[in-house]
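Presented below is the structure to which this report refers.
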Amino acid sequence: MNISRLNLLIIFSLTIFPSAGYPAGHSPLEWLPSGSYYKTTIFDPTAPQTSASILAYQVQGSLKERVYSPINIGTQKMVARHDIDEHQGIELGLEFGLHSQFSIVDSGETLMGGLQNTDYRIGAMIHYRTNRSVWRVLLFHQSSHLGDDYMLRNTFFSPNSKVLNYEQLSLTRMHSRAHSQYYYGFGYNVSPNTTRKRSAFQGGYQYRHPFNANPKLSYLLGLHVKADEQNDYRPNVKAGVGIELGSLSKNPFMIFMEYYHGNLPYSTLEYQIVQLYGLGVYFHL
């Protein structure tokens with residue numbers, strides 16, 4: 001079933017929910033609601049959020065010094081929401097992510113930089129909220145393409161790997177408690193013709209707590225772990241700690257130190273084992 005058919009099915013299901021228990025004239029179905037039951041997983045490199053980072057880039061087995069700068073543009077928007085009661089609800093939404101990666105290397109004579117790769121992701125999701133937990137079903141399409149700058153600099157003109165071009169269906173549970181959220185889930189590559197292996201697991205934890213003197217400021221920290229069958233379930237780990245500005249607003253601004261170790265989190269160069277560390281700024285559209 002393609003994404004458009006899935007969306008039509010979900011919207012139809014939402015519209016036939018009974019409206020018993022609601023005041024006269026009140027519709028249980030809300031179109032284009034603000035926010036989401038499911039909090040953005042900030043420390044997931046592929047999450048639909050807007051960010052820019054400057055990172056040291058070390059590739060296992062290479063002595064070449066590099067700077068790596070992933071620049072992401074992403075958003076998540078709920079299309080329809082049905083609050084069943086005070087503790088339960090279901091919502092339908094869409095997400096989009098554009099993940100561009102730039103690298104700067106020392107060629108021996110001068111510094112050379114350029115676009116290394118660009119990833120595209122578009123998906124549709126259902127969120128079901130019950131008490132303090134949110135279940136998420138996500139179907140997305142992923143596409144990844146080497147940049148011209150990288151290909152020219154490395155005289156790389158042969159066909160490259162297509163393992164990052166696929167569709168995945170995933171189920172994730174997020175549980176919230178006080179200032180914390182933790183989540184875990186399973187994904188499966190549903191593309192009928194694919195060169196990528198099928199299974200993937202992920203989990204993580206994020207914590208934000210406002211400063212007592214100024215509730216508009218919060219400190220945050222988190223951890224995200226992902227393991228793909230494609231990479232022999234080698235754990236890819238990202239961690240960070242920093243500050244959130246405007247915690248009471250709809251679009252907070254975050255700045256934190258981040259660290260990543262594992263397969264390159266983006267691009268057809270995923271097979272590289274890397275260590276990335278530096279500074280990132282994040283905000284949500």
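For the structure tokens, the naming scheme is as follows: chains receive sequential letters (A, B, ...) according to their order of presentation, residues are indexed from 1 within each chain, and ligands are indexed from 1 in presentation order.
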Sel. of helix (DSSP H, G or I) residues, region 67-268 of chain A, as a VMD selection string: chain A and resid 148 to 153 229 to 231
Take the residues from that selection and write them out as a PDB file, in the first residue's frame, keeping N, CA and C atoms.
ATOM      1  N   ASP A 148      27.831  16.274  -6.181  1.00  0.00           N
ATOM      2  CA  ASP A 148      28.797  16.462  -7.273  1.00  0.00           C
ATOM      3  C   ASP A 148      30.176  16.834  -6.747  1.00  0.00           C
ATOM      4  N   ASP A 149      30.223  17.668  -5.688  1.00  0.00           N
ATOM      5  CA  ASP A 149      31.519  18.086  -5.136  1.00  0.00           C
ATOM      6  C   ASP A 149      32.324  16.880  -4.678  1.00  0.00           C
ATOM      7  N   TYR A 150      31.665  15.963  -3.986  1.00  0.00           N
ATOM      8  CA  TYR A 150      32.360  14.774  -3.487  1.00  0.00           C
ATOM      9  C   TYR A 150      32.840  13.905  -4.643  1.00  0.00           C
ATOM     10  N   MET A 151      31.993  13.720  -5.643  1.00  0.00           N
ATOM     11  CA  MET A 151      32.339  12.851  -6.773  1.00  0.00           C
ATOM     12  C   MET A 151      33.512  13.418  -7.563  1.00  0.00           C
ATOM     13  N   LEU A 152      33.513  14.723  -7.804  1.00  0.00           N
ATOM     14  CA  LEU A 152      34.610  15.339  -8.555  1.00  0.00           C
ATOM     15  C   LEU A 152      35.911  15.293  -7.759  1.00  0.00           C
ATOM     16  N   ARG A 153      35.833  15.574  -6.465  1.00  0.00           N
ATOM     17  CA  ARG A 153      37.038  15.613  -5.640  1.00  0.00           C
ATOM     18  C   ARG A 153      37.675  14.244  -5.514  1.00  0.00           C
ATOM     19  N   GLU A 229      20.312  -4.316  10.598  1.00  0.00           N
ATOM     20  CA  GLU A 229      20.776  -5.590  10.053  1.00  0.00           C
ATOM     21  C   GLU A 229      21.773  -5.352   8.929  1.00  0.00           C
ATOM     22  N   GLN A 230      21.583  -4.272   8.164  1.00  0.00           N
ATOM     23  CA  GLN A 230      22.477  -3.938   7.058  1.00  0.00           C
ATOM     24  C   GLN A 230      23.924  -3.828   7.527  1.00  0.00           C
ATOM     25  N   ASN A 231      24.117  -3.363   8.763  1.00  0.00           N
ATOM     26  CA  ASN A 231      25.458  -3.167   9.313  1.00  0.00           C
ATOM     27  C   ASN A 231      25.757  -4.153  10.438  1.00  0.00           C
TER      28      ASN A 231
END
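Of the listed residues (A:Gln116, A:Asn263, A:Asn251, A:Thr194), A:Asn251 comes nearest to Thr75 (chain A); the distances count only C-alpha atoms.
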At a cut-off of 8 Å, using only C-alpha atoms, what residues contact region 271-276 of chain A? Leave out same-chain residues fewer than 3 positions from it and give the result as number ranges by chain. A: 55-60, 68, 231, 259-264, 268
For the selection you just gave me, I'd like the residues written to a file as an mmCIF file, in the first residue's frame, keeping N, CA, C and O atoms.
data_model
loop_
_atom_site.group_PDB
_atom_site.id
_atom_site.type_symbol
_atom_site.label_atom_id
_atom_site.label_comp_id
_atom_site.auth_asym_id
_atom_site.auth_seq_id
_atom_site.Cartn_x
_atom_site.Cartn_y
_atom_site.Cartn_z
ATOM 1 N N LEU A 55 31.288 19.593 13.080
ATOM 2 C CA LEU A 55 31.804 18.422 13.771
ATOM 3 C C LEU A 55 33.171 18.017 13.253
ATOM 4 O O LEU A 55 33.442 18.107 12.049
ATOM 5 N N ALA A 56 34.022 17.551 14.144
ATOM 6 C CA ALA A 56 35.233 16.851 13.728
ATOM 7 C C ALA A 56 34.811 15.503 13.157
ATOM 8 O O ALA A 56 33.897 14.857 13.680
ATOM 9 N N TYR A 57 35.486 15.070 12.094
ATOM 10 C CA TYR A 57 35.046 13.910 11.298
ATOM 11 C C TYR A 57 36.229 12.961 11.167
ATOM 12 O O TYR A 57 37.175 13.230 10.440
ATOM 13 N N GLN A 58 36.194 11.862 11.895
ATOM 14 C CA GLN A 58 37.262 10.867 11.865
ATOM 15 C C GLN A 58 36.712 9.555 11.324
ATOM 16 O O GLN A 58 35.765 8.998 11.887
ATOM 17 N N VAL A 59 37.305 9.087 10.237
ATOM 18 C CA VAL A 59 36.887 7.831 9.612
ATOM 19 C C VAL A 59 37.854 6.733 10.031
ATOM 20 O O VAL A 59 39.077 6.908 9.935
ATOM 21 N N GLN A 60 37.312 5.628 10.499
ATOM 22 C CA GLN A 60 38.148 4.515 10.924
ATOM 23 C C GLN A 60 39.035 4.049 9.777
ATOM 24 O O GLN A 60 38.566 3.814 8.667
ATOM 25 N N TYR A 68 33.042 18.078 9.306
ATOM 26 C CA TYR A 68 31.780 17.563 8.779
ATOM 27 C C TYR A 68 30.661 18.471 9.253
ATOM 28 O O TYR A 68 30.583 18.820 10.438
ATOM 29 N N ASN A 231 24.117 -3.363 8.763
ATOM 30 C CA ASN A 231 25.458 -3.167 9.313
ATOM 31 C C ASN A 231 25.757 -4.153 10.438
ATOM 32 O O ASN A 231 26.475 -3.832 11.387
ATOM 33 N N TYR A 259 28.004 14.072 20.255
ATOM 34 C CA TYR A 259 29.010 13.036 19.955
ATOM 35 C C TYR A 259 28.305 11.875 19.268
ATOM 36 O O TYR A 259 27.202 11.476 19.656
ATOM 37 N N TYR A 260 28.957 11.339 18.242
ATOM 38 C CA TYR A 260 28.387 10.198 17.517
ATOM 39 C C TYR A 260 29.497 9.197 17.207
ATOM 40 O O TYR A 260 30.615 9.574 16.829
ATOM 41 N N HIS A 261 29.166 7.906 17.342
ATOM 42 C CA HIS A 261 30.104 6.847 16.946
ATOM 43 C C HIS A 261 29.320 5.710 16.298
ATOM 44 O O HIS A 261 28.301 5.258 16.826
ATOM 45 N N GLY A 262 29.789 5.267 15.133
ATOM 46 C CA GLY A 262 29.136 4.168 14.424
ATOM 47 C C GLY A 262 29.219 4.375 12.932
ATOM 48 O O GLY A 262 30.092 5.102 12.436
ATOM 49 N N ASN A 263 28.331 3.722 12.203
ATOM 50 C CA ASN A 263 28.260 3.935 10.760
ATOM 51 C C ASN A 263 27.801 5.359 10.475
ATOM 52 O O ASN A 263 26.962 5.905 11.204
ATOM 53 N N LEU A 264 28.347 5.972 9.436
ATOM 54 C CA LEU A 264 27.960 7.333 9.090
ATOM 55 C C LEU A 264 26.432 7.416 9.045
ATOM 56 O O LEU A 264 25.782 6.632 8.351
ATOM 57 N N THR A 268 25.072 7.524 1.163
ATOM 58 C CA THR A 268 25.499 6.266 0.576
ATOM 59 C C THR A 268 26.872 5.840 1.083
ATOM 60 O O THR A 268 27.338 4.745 0.766
#
Hey, what does DSSP flag as strand (DSSP E or B) within region 29-136 of chain A? Can you give it to me as an mmCIF file with C-alpha atoms, in the first residue's frame?
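For reference, selection.cif as written:
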data_model
loop_
_atom_site.group_PDB
_atom_site.id
_atom_site.type_symbol
_atom_site.label_atom_id
_atom_site.label_comp_id
_atom_site.auth_asym_id
_atom_site.auth_seq_id
_atom_site.Cartn_x
_atom_site.Cartn_y
_atom_site.Cartn_z
ATOM 1 C CA LEU A 29 -12.146 15.434 15.048
ATOM 2 C CA GLU A 30 -9.673 18.327 14.861
ATOM 3 C CA TRP A 31 -8.069 19.240 11.541
ATOM 4 C CA THR A 50 15.953 21.735 11.481
ATOM 5 C CA SER A 51 19.572 21.855 12.606
ATOM 6 C CA ALA A 52 23.152 22.691 11.697
ATOM 7 C CA SER A 53 26.313 21.219 13.217
ATOM 8 C CA ILE A 54 30.068 21.699 12.957
ATOM 9 C CA LEU A 55 31.804 18.422 13.771
ATOM 10 C CA ALA A 56 35.233 16.851 13.728
ATOM 11 C CA TYR A 57 35.046 13.910 11.298
ATOM 12 C CA GLN A 58 37.262 10.867 11.865
ATOM 13 C CA VAL A 59 36.887 7.831 9.612
ATOM 14 C CA ARG A 66 38.133 16.601 8.027
ATOM 15 C CA VAL A 67 35.332 18.844 9.204
ATOM 16 C CA TYR A 68 31.780 17.563 8.779
ATOM 17 C CA SER A 69 28.721 19.805 8.692
ATOM 18 C CA PRO A 70 25.276 18.167 8.438
ATOM 19 C CA ILE A 71 22.548 20.730 7.721
ATOM 20 C CA ASN A 72 19.019 19.424 8.131
ATOM 21 C CA ILE A 73 15.659 20.904 7.214
ATOM 22 C CA GLY A 74 12.734 18.933 8.535
ATOM 23 C CA THR A 75 9.234 19.286 9.834
ATOM 24 C CA GLN A 76 6.388 17.187 11.235
ATOM 25 C CA LYS A 77 2.758 18.287 10.922
ATOM 26 C CA MET A 78 -0.345 16.620 12.266
ATOM 27 C CA VAL A 79 -3.207 16.575 9.755
ATOM 28 C CA ALA A 80 -6.048 15.277 11.959
ATOM 29 C CA ARG A 81 -6.529 14.427 15.636
ATOM 30 C CA HIS A 82 -9.272 12.645 17.587
ATOM 31 C CA ASP A 83 -9.163 12.921 21.387
ATOM 32 C CA GLN A 88 -6.526 8.559 24.920
ATOM 33 C CA GLY A 89 -6.276 9.977 21.439
ATOM 34 C CA ILE A 90 -5.218 9.230 17.907
ATOM 35 C CA GLU A 91 -3.680 11.528 15.301
ATOM 36 C CA LEU A 92 -2.485 11.360 11.711
ATOM 37 C CA GLY A 93 0.435 13.336 10.334
ATOM 38 C CA LEU A 94 3.130 13.790 7.742
ATOM 39 C CA GLU A 95 6.853 14.441 8.020
ATOM 40 C CA PHE A 96 9.554 15.602 5.652
ATOM 41 C CA GLY A 97 13.315 15.749 6.025
ATOM 42 C CA LEU A 98 16.133 17.052 3.827
ATOM 43 C CA HIS A 99 19.562 16.106 5.196
ATOM 44 C CA SER A 100 22.543 17.692 3.426
ATOM 45 C CA GLN A 101 26.105 16.931 4.496
ATOM 46 C CA PHE A 102 29.097 19.123 3.741
ATOM 47 C CA SER A 103 32.729 18.199 4.381
ATOM 48 C CA ILE A 104 36.001 20.139 4.423
ATOM 49 C CA VAL A 105 39.291 18.289 3.930
ATOM 50 C CA ASP A 106 42.953 19.278 3.850
ATOM 51 C CA LEU A 111 41.339 23.292 2.315
ATOM 52 C CA MET A 112 38.669 21.853 0.031
ATOM 53 C CA GLY A 113 35.003 21.757 0.898
ATOM 54 C CA GLY A 114 31.723 20.932 -0.748
ATOM 55 C CA LEU A 115 28.501 18.977 -0.718
ATOM 56 C CA GLN A 116 29.164 15.359 0.200
ATOM 57 C CA ASN A 117 25.685 13.848 0.074
ATOM 58 C CA THR A 118 21.981 14.654 0.374
ATOM 59 C CA ASP A 119 19.288 12.431 1.891
ATOM 60 C CA TYR A 120 15.555 12.868 1.389
ATOM 61 C CA ARG A 121 12.822 11.412 3.568
ATOM 62 C CA ILE A 122 9.051 11.712 3.425
ATOM 63 C CA GLY A 123 6.643 9.751 5.575
ATOM 64 C CA ALA A 124 3.187 9.385 7.078
ATOM 65 C CA MET A 125 2.452 8.359 10.637
ATOM 66 C CA ILE A 126 -0.258 7.434 13.109
ATOM 67 C CA HIS A 127 0.144 8.256 16.815
ATOM 68 C CA TYR A 128 -1.979 6.598 19.476
ATOM 69 C CA ARG A 129 -1.794 8.124 22.964
ATOM 70 C CA THR A 130 -2.757 6.244 26.094
ATOM 71 C CA SER A 133 2.672 6.385 26.428
ATOM 72 C CA VAL A 134 2.469 7.156 22.715
ATOM 73 C CA TRP A 135 2.619 4.441 20.066
ATOM 74 C CA ARG A 136 3.864 5.507 16.646
#
Give me the residues near Ser199 (chain A) as a VMD selection string, where near means some atom within 12 Å (using only C-alpha atoms) and where sequence neighbours in that chain fewer than 5 positions away do not count. chain A and resid 167 to 171 185 to 191 226 to 233
Enter the distance from CA of Tyr282 (chain A) to CA of Gln49 (chain A), in Å, rounded to one decimal. 7.3 Å
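Nearest-residue note for Gln206 (chain A): choosing from A:Arg132, A:Lys39, A:Lys162, A:Arg173, the minimum distance belongs to A:Lys39, counting only C-alpha atoms.
Taking CA of Pro215 (chain A) and CA of Tyr182 (chain A) as endpoints, the distance between them is 22.4 Å.
Between CA of Gly278 (chain A) and CA of Ile255 (chain A) there is a distance of 10.9 Å.
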For each of A:Tyr277, A:Tyr184, A:Leu248, A:Met174, take the minimum atom-to-atom distance to Thr40 (chain A), counting only C-alpha atoms, then give the residue where this is smallest. A:Met174
